[in-house]
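Source file target.tsv; content: TSV, C-alpha atoms.
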chain	number	residue	atom	x	y	z
U	1	MET	CA	80.08	143.97	87.21
U	2	ASP	CA	78.48	140.59	86.41
U	3	LEU	CA	80.62	139.00	83.71
U	4	HIS	CA	77.82	136.58	82.79
U	5	GLY	CA	76.07	139.44	81.00
U	6	ILE	CA	79.01	140.38	78.78
U	7	ASP	CA	79.02	139.21	75.17
U	8	LEU	CA	82.60	138.60	73.96
U	9	ASN	CA	81.54	139.96	70.55
U	10	LEU	CA	81.00	143.36	72.16
U	11	LEU	CA	84.64	143.44	73.27
U	12	VAL	CA	85.75	142.47	69.76
U	13	ALA	CA	83.62	145.32	68.40
U	14	PHE	CA	85.13	147.75	70.92
U	15	ASP	CA	88.66	146.72	69.89
U	16	ALA	CA	87.80	147.26	66.21
U	17	LEU	CA	86.30	150.68	66.93
U	18	MET	CA	89.43	151.71	68.79
U	19	ALA	CA	91.58	150.64	65.86
U	20	GLU	CA	89.47	152.14	63.05
U	21	ARG	CA	87.68	155.11	64.73
U	22	SER	CA	84.84	154.49	62.28
U	23	VAL	CA	81.70	152.37	62.62
U	24	THR	CA	81.82	151.41	58.92
U	25	ARG	CA	85.51	150.50	58.83
U	26	ALA	CA	85.28	148.70	62.16
U	27	GLY	CA	82.40	146.59	60.80
U	28	THR	CA	84.44	145.73	57.70
U	29	ARG	CA	87.40	144.79	59.91
U	30	ILE	CA	85.44	142.14	61.83
U	31	GLY	CA	82.87	141.19	59.15
U	32	ARG	CA	79.81	142.94	60.58
U	33	THR	CA	77.35	145.36	58.97
U	34	GLN	CA	77.18	149.04	59.91
U	35	PRO	CA	73.81	148.61	61.69
U	36	ALA	CA	75.22	145.66	63.67
U	37	MET	CA	78.22	147.73	64.71
U	38	SER	CA	76.01	150.66	65.70
U	39	ALA	CA	73.91	148.29	67.80
U	40	ALA	CA	77.05	146.88	69.43
U	41	LEU	CA	78.27	150.38	70.28
U	42	SER	CA	74.89	151.21	71.80
U	43	ARG	CA	75.03	148.08	73.97
U	44	LEU	CA	78.58	148.88	75.05
U	45	ARG	CA	77.56	152.38	76.09
U	46	GLY	CA	74.75	150.99	78.21
U	47	LEU	CA	76.92	148.26	79.71
U	48	LEU	CA	79.79	150.57	80.65
U	49	ASN	CA	77.68	153.67	81.36
U	50	ASP	CA	79.89	155.83	79.14
U	51	GLU	CA	79.67	157.33	75.65
U	52	LEU	CA	82.99	155.60	74.81
U	53	PHE	CA	83.21	157.26	71.34
U	54	VAL	CA	82.05	160.73	70.27
U	55	ARG	CA	82.09	162.20	66.80
U	56	GLY	CA	84.98	164.52	65.95
U	57	PRO	CA	86.42	166.17	62.84
U	58	ASN	CA	88.56	163.08	62.09
U	59	GLY	CA	86.05	160.36	62.96
U	60	LEU	CA	85.13	158.82	66.27
U	61	GLN	CA	87.14	160.01	69.25
U	62	PRO	CA	87.50	157.75	72.31
U	63	THR	CA	86.50	159.08	75.69
U	64	PRO	CA	88.92	158.86	78.64
U	65	ARG	CA	87.02	155.74	79.79
U	66	ALA	CA	87.53	154.11	76.39
U	67	LEU	CA	91.25	154.93	76.46
U	68	ASP	CA	91.54	153.36	79.90
U	69	LEU	CA	89.90	150.18	78.63
U	70	SER	CA	91.71	149.96	75.32
U	71	GLU	CA	95.03	148.40	76.27
U	72	PRO	CA	93.88	145.85	78.88
U	73	LEU	CA	90.99	144.66	76.69
U	74	SER	CA	93.27	144.36	73.66
U	75	HIS	CA	95.72	142.24	75.65
U	76	ALA	CA	92.88	140.12	77.03
U	77	LEU	CA	91.51	139.43	73.53
U	78	GLN	CA	94.97	138.50	72.27
U	79	GLU	CA	95.41	136.08	75.17
U	80	ILE	CA	92.03	134.50	74.49
U	81	GLN	CA	92.97	134.16	70.83
U	82	ARG	CA	96.24	132.40	71.68
U	83	THR	CA	94.46	130.12	74.13
U	84	LEU	CA	91.79	129.07	71.66
U	85	GLU	CA	94.09	128.58	68.69
U	86	PHE	CA	94.72	124.87	68.20
U	87	THR	CA	97.86	123.88	66.40
U	88	GLN	CA	99.35	120.49	65.59
U	89	ALA	CA	102.84	121.88	66.17
U	90	PHE	CA	104.66	121.29	69.44
U	91	ASP	CA	108.32	122.22	69.61
U	92	ALA	CA	109.72	120.18	72.48
U	93	SER	CA	113.18	121.70	72.08
U	94	THR	CA	111.91	125.15	73.10
U	95	SER	CA	109.03	124.15	75.35
U	96	SER	CA	108.93	124.82	79.09
U	97	ALA	CA	105.87	122.60	79.63
U	98	THR	CA	105.35	120.52	82.75
U	99	PHE	CA	104.13	116.94	82.49
U	100	SER	CA	102.80	114.87	85.38
U	101	LEU	CA	103.53	111.16	85.17
U	102	GLY	CA	102.10	108.44	87.40
U	103	LEU	CA	104.40	105.44	87.85
U	104	SER	CA	104.14	102.14	89.64
U	105	ASP	CA	107.36	100.91	91.27
U	106	HIS	CA	108.86	98.92	88.40
U	107	PRO	CA	108.54	101.62	85.67
U	108	THR	CA	110.08	104.09	88.11
U	109	PHE	CA	113.30	102.07	87.98
U	110	VAL	CA	113.33	100.95	84.33
U	111	VAL	CA	111.54	103.75	82.42
U	112	LEU	CA	112.32	106.94	84.30
U	113	PRO	CA	116.15	106.93	83.88
U	114	ARG	CA	115.83	106.44	80.12
U	115	LEU	CA	113.10	109.06	79.85
U	116	LEU	CA	115.16	111.64	81.74
U	117	GLN	CA	118.11	111.06	79.41
U	118	THR	CA	115.89	111.57	76.35
U	119	LEU	CA	114.41	114.77	77.77
U	120	ARG	CA	117.88	116.07	78.61
U	121	GLU	CA	118.93	115.54	74.98
U	122	GLN	CA	115.76	116.65	73.20
U	123	ALA	CA	113.71	118.83	75.54
U	124	SER	CA	115.82	120.22	78.34
U	125	GLY	CA	113.24	122.88	79.27
U	126	ILE	CA	110.52	120.38	80.12
U	127	THR	CA	109.74	119.60	83.77
U	128	LEU	CA	108.51	116.22	85.04
U	129	ARG	CA	106.38	115.68	88.12
U	130	ILE	CA	106.21	112.07	89.29
U	131	ARG	CA	103.34	110.52	91.25
U	132	ASN	CA	103.49	106.96	92.57
U	133	PHE	CA	100.62	104.49	92.63
U	134	THR	CA	100.30	100.86	93.72
U	135	ALA	CA	96.93	99.35	92.80
U	136	ARG	CA	96.37	99.33	89.05
U	137	ASP	CA	93.00	101.06	89.28
U	138	ASP	CA	94.57	103.93	91.22
U	139	ALA	CA	95.73	105.04	87.78
U	140	ILE	CA	92.11	105.59	86.72
U	141	SER	CA	91.40	107.77	89.74
U	142	MET	CA	94.52	109.87	89.12
U	143	LEU	CA	93.71	110.34	85.43
U	144	ASP	CA	90.06	111.14	86.10
U	145	ALA	CA	91.06	113.76	88.66
U	146	GLY	CA	93.62	115.32	86.32
U	147	GLU	CA	96.39	114.66	88.86
U	148	VAL	CA	98.58	113.15	86.13
U	149	ASP	CA	98.78	113.35	82.34
U	150	LEU	CA	99.94	109.76	81.86
U	151	THR	CA	100.46	106.62	83.89
U	152	ILE	CA	102.74	103.65	83.28
U	153	GLY	CA	101.90	100.35	84.90
U	154	VAL	CA	99.86	97.21	84.49
U	155	PRO	CA	96.84	98.20	82.38
U	156	PRO	CA	93.93	99.29	84.59
U	157	THR	CA	90.47	97.78	84.42
U	158	SER	CA	88.91	98.55	81.06
U	159	SER	CA	87.26	101.97	80.88
U	160	GLY	CA	86.03	103.79	77.79
U	161	ARG	CA	87.42	107.09	78.99
U	162	ILE	CA	90.92	105.69	79.70
U	163	LEU	CA	93.05	104.87	76.66
U	164	THR	CA	96.08	102.56	76.74
U	165	ARG	CA	99.14	101.81	74.62
U	166	PRO	CA	101.30	98.70	75.16
U	167	LEU	CA	104.84	99.59	76.17
U	168	PHE	CA	106.85	96.52	77.25
U	169	VAL	CA	106.42	93.01	78.61
U	170	GLU	CA	108.12	91.37	81.58
U	171	ARG	CA	108.52	87.61	82.02
U	172	PHE	CA	108.82	85.88	85.37
U	173	VAL	CA	111.97	84.19	86.65
U	174	CYS	CA	112.97	82.54	89.91
U	175	ILE	CA	116.03	83.76	91.79
U	176	VAL	CA	118.14	82.22	94.54
U	177	ARG	CA	121.53	83.16	95.93
U	178	LYS	CA	124.69	81.74	94.42
U	179	ASN	CA	125.61	78.33	95.87
U	180	HIS	CA	122.04	77.78	97.00
U	181	PRO	CA	121.20	74.07	97.41
U	182	ALA	CA	118.35	74.48	94.92
U	183	THR	CA	120.90	74.89	92.12
U	184	GLU	CA	122.36	71.41	92.63
U	185	THR	CA	119.47	69.75	90.78
U	186	PRO	CA	116.95	70.98	88.20
U	187	LEU	CA	114.24	73.09	89.75
U	188	ASP	CA	111.19	70.89	89.30
U	189	LEU	CA	107.82	71.49	90.92
U	190	ASN	CA	108.46	69.23	93.92
U	191	ARG	CA	111.76	70.96	94.73
U	192	PHE	CA	110.09	74.34	94.19
U	193	LEU	CA	107.42	73.53	96.80
U	194	GLU	CA	110.03	72.36	99.34
U	195	LEU	CA	111.74	75.76	99.42
U	196	SER	CA	110.89	78.83	101.53
U	197	HIS	CA	109.47	81.58	99.35
U	198	LEU	CA	109.57	85.36	99.34
U	199	LEU	CA	106.40	86.94	97.93
U	200	VAL	CA	106.36	90.49	96.62
U	201	SER	CA	102.88	91.91	97.09
U	202	PRO	CA	102.54	95.69	96.59
U	203	GLU	CA	98.92	95.42	97.69
U	204	ASN	CA	99.89	93.57	100.88
U	205	ASP	CA	98.05	90.32	100.31
U	206	ARG	CA	99.43	86.79	100.58
U	207	PHE	CA	98.30	85.48	97.23
U	208	GLY	CA	100.30	86.20	94.08
U	209	ARG	CA	100.36	84.84	90.53
U	210	VAL	CA	102.37	81.81	91.61
U	211	ASP	CA	99.85	81.01	94.34
U	212	ALA	CA	96.95	81.33	91.89
U	213	GLU	CA	98.61	78.91	89.48
U	214	LEU	CA	99.43	76.44	92.26
U	215	ALA	CA	95.89	76.67	93.64
U	216	GLN	CA	94.52	75.47	90.30
U	217	ARG	CA	96.54	72.30	90.85
U	218	GLY	CA	95.49	71.94	94.46
U	219	LEU	CA	98.98	72.93	95.63
U	220	LYS	CA	100.37	75.52	98.01
U	221	ARG	CA	103.85	76.88	98.67
U	222	ARG	CA	105.41	77.96	101.96
U	223	LEU	CA	105.61	81.72	102.24
U	224	ALA	CA	108.39	82.69	104.63
U	225	LEU	CA	108.31	86.43	103.85
U	226	THR	CA	105.84	88.81	102.24
U	227	LEU	CA	106.86	92.38	101.48
U	228	PRO	CA	105.45	95.24	99.40
U	229	HIS	CA	108.71	96.49	97.84
U	230	MET	CA	109.85	94.42	94.87
U	231	TYR	CA	113.26	96.07	94.63
U	232	ALA	CA	114.14	94.91	98.15
U	233	ALA	CA	113.67	91.27	97.08
U	234	PRO	CA	117.01	90.71	95.25
U	235	LEU	CA	119.01	91.87	98.28
U	236	LEU	CA	117.04	89.67	100.67
U	237	VAL	CA	117.32	86.64	98.41
U	238	ALA	CA	121.07	87.21	97.88
U	239	SER	CA	121.62	87.06	101.65
U	240	SER	CA	119.32	84.15	102.56
U	241	ASP	CA	118.07	80.73	101.46
U	242	LEU	CA	114.79	82.16	100.17
U	243	ILE	CA	113.57	81.79	96.63
U	244	ALA	CA	111.58	84.52	94.90
U	245	THR	CA	109.63	84.64	91.67
U	246	LEU	CA	110.03	88.09	90.15
U	247	MET	CA	109.84	89.92	86.86
U	248	SER	CA	113.17	89.56	85.07
U	249	GLY	CA	113.53	93.33	84.74
U	250	VAL	CA	113.58	93.72	88.51
U	251	VAL	CA	116.57	91.40	88.71
U	252	ASP	CA	118.34	93.12	85.80
U	253	ALA	CA	117.85	96.56	87.34
U	254	SER	CA	119.04	95.56	90.80
U	255	GLN	CA	122.66	95.88	91.90
U	256	TYR	CA	122.63	92.33	93.23
U	257	ALA	CA	122.23	90.46	89.94
U	258	GLU	CA	125.79	89.08	90.11
U	259	GLN	CA	125.04	87.50	93.48
U	260	LEU	CA	122.01	85.65	92.18
U	261	ILE	CA	121.20	82.61	90.08
U	262	ILE	CA	118.28	82.89	87.68
U	263	LEU	CA	116.11	79.79	87.25
U	264	GLN	CA	113.10	79.07	85.10
U	265	PRO	CA	109.88	78.67	87.09
U	266	PRO	CA	108.57	75.08	87.07
U	267	ILE	CA	105.04	76.36	86.34
U	268	GLN	CA	103.62	78.39	83.47
U	269	LEU	CA	103.28	82.07	84.35
U	270	ASP	CA	101.91	84.57	81.85
U	271	PRO	CA	104.14	87.60	81.28
U	272	VAL	CA	103.15	91.02	82.61
U	273	GLN	CA	102.18	93.77	80.19
U	274	PHE	CA	103.09	97.35	81.09
U	275	SER	CA	101.25	100.10	79.25
U	276	LEU	CA	100.84	103.83	78.94
U	277	SER	CA	97.41	105.03	80.03
U	278	TRP	CA	95.84	108.45	79.53
U	279	HIS	CA	92.45	110.10	79.72
U	280	ARG	CA	90.49	110.52	76.50
U	281	ARG	CA	90.29	114.28	77.06
U	282	ASN	CA	94.07	114.50	76.48
U	283	ASP	CA	94.13	112.28	73.42
U	284	VAL	CA	94.54	114.89	70.67
U	285	HIS	CA	96.47	117.57	72.56
U	286	PRO	CA	99.75	118.10	70.63
U	287	ALA	CA	102.01	118.31	73.69
U	288	GLN	CA	100.37	115.29	75.30
U	289	ARG	CA	100.67	113.31	72.08
U	290	TRP	CA	104.36	114.21	71.82
U	291	PHE	CA	104.96	113.09	75.41
U	292	ARG	CA	103.29	109.72	74.79
U	293	ASP	CA	105.31	109.20	71.60
U	294	CYS	CA	108.50	110.17	73.41
U	295	ILE	CA	107.96	107.44	76.01
U	296	ALA	CA	106.80	104.84	73.50
U	297	ALA	CA	109.88	105.47	71.34
U	298	LEU	CA	112.07	104.26	74.23
U	299	TYR	CA	110.72	100.78	73.53
U	300	GLY	CA	110.25	101.02	69.78
U	301	CYS	CA	106.47	101.20	70.14

Output the file's structure as structure tokens, nothing else.
Amino acid sequence: MDLHGIDLNLLVAFDALMAERSVTRAGTRIGRTQPAMSAALSRLRGLLNDELFVRGPNGLQPTPRALDLSEPLSHALQEIQRTLEFTQAFDASTSSATFSLGLSDHPTFVVLPRLLQTLREQASGITLRIRNFTARDDAISMLDAGEVDLTIGVPPTSSGRILTRPLFVERFVCIVRKNHPATETPLDLNRFLELSHLLVSPENDRFGRVDAELAQRGLKRRLALTLPHMYAAPLLVASSDLIATLMSGVVDASQYAEQLIILQPPIQLDPVQFSLSWHRRNDVHPAQRWFRDCIAALYGC
């Protein structure tokens, strides 16, 4: 049977006729006139090639075909009703929903542990699925494709269909190992340029924020090591004479912080904003809104 030719109203009429066994009462039940109900019954008979209801001493009597259809169609209509009902209520404490979250490397380390603790305390039935991304605009592709519900990272390129919410800010610091010669004098720009640098570049280029700032002054630093994994940097710096310029949260979250000296960069570097991003189609969904608020609450946002 071609479902494109079926009017949902006919199934509603059938369900009412099964319940009331009267064309008049069935029409009253669903707000339709007696002629409209009679016309619906006529269409149903033609569609299903069965009388469906015949007159008896106590009203309309369903045929065997109608009895066979009654229960599955009733369940189907109830399921459609539940699906289409929109409610502002979302009870996280009893929910078994699954949320997909896209994370760049840094939020994986600093957001995810806190989020898991909150879910364990408030919504233990919820399941998280984590997807990783590197380039900021990968978040747009993942959200467009419906691969994730939310992403957390540096805000992607502006797009009307992608909404964002500021979450936290990271400032840049320089790190060297304890007893490094660079700590014997203040770290000015000349001393900074004399040192061998470690560059963290998730996108595998050799030009970071520090290099952009230096280039504006006609300066260049010596890059001794470039690597894509920012959380490997504290270990490598702690065991070498390299200097690295990293977000302070990376240092705080590493297990090597006690082996490092934190210095202020000798150049001005704008802090990094990390934000929640989601597709506009998910903006008003109650469960999605709760999930966004749950994450934002971790940072008082």

What is the distance, in Å and to one decimal place, between atom CA of U:Arg206 and atom CA of U:Leu219?
-> 14.7 Å

Expressed in Å, the length from atom CA of U:Ala257 to atom CA of U:Asn132 is 25.1 Å

Residues near stretch 65-70 of chain U, cut-off 8 Å, all atoms listed in the file, skip fewer than 6 positions along chain, as a count of residues only | 5

Selection: 12 Å around U:Phe291, only C-alpha atoms, excl. self and same-chain fewer than 6 positions, as a PyMOL selection string = chain U and resi 90-92+95+97-101+115+118-119+122-123+126-128+149-151+276-278+282-285+297-298

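With atom CA of U:Glu184 on one side and atom CA of U:Ile261 on the other, the separation reads 11.5 Å.
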
Quick one: contact table of stretch 14-37 of chain U to stretch 44-49 of chain U, 12 Å max, nearest atom pair and distance in Å to one decimal per residue, counting only C-alpha atoms, chain and number order, as a Markdown table?
| residue | atom | partner | partner_atom | distance |
| --- | --- | --- | --- | --- |
| U:Phe14 | CA | U:Leu44 | CA | 7.8 |
| U:Asp15 | CA | U:Leu44 | CA | 11.5 |
| U:Leu17 | CA | U:Leu44 | CA | 11.3 |
| U:Met37 | CA | U:Leu44 | CA | 10.4 |

Nearby residues, (104.8, 106.0, 87.2) file frame, 8 Å, all atoms listed in the file, as a ChimeraX atom specification | /U:101-105,107-108,130-133,151-153

Return the single residue from U:Val23, U:Val200, U:Ala212, U:Leu77 that is closest to U:Leu236, with distances computed using only C-alpha atoms.
->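 For U:Leu236, the nearest of the candidates is U:Val200.
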
List the residues sitting within 12 Å of (113.2, 78.1, 87.9) in the file's frame, using all atoms listed in the file, as a PyMOL selection string.
-> chain U and resi 172-176+182-183+185-193+195+243-246+248+261-269

Step by step, gather every atom of stretch 52-68 of chain U that the file lists, find the box along x, y and z that holds them, add 6 Å on each side, and finally give centre and edge lengths in Å to one decimal, as JSON.
{"center_x": 86.8, "center_y": 159.8, "center_z": 71.0, "size_x": 21.5, "size_y": 24.8, "size_z": 29.8}

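Shortest separation to U:Lys220 among U:Pro166, U:Gly208, U:Gly146, U:Gly59 occurs at residue U:Gly208, atoms counted being only C-alpha atoms.
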
Selected residue of minimal separation from U:Glu147 among U:Ala238, U:His279, U:Pro57, U:Arg43, counting only C-alpha atoms | U:His279

Nearby residues (all atoms listed in the file) at most 12 Å from U:Ser158, same-chain spacing under 2 positions excluded, as a ChimeraX atom specification = /U:136-137,139-140,154-156,160-164,277
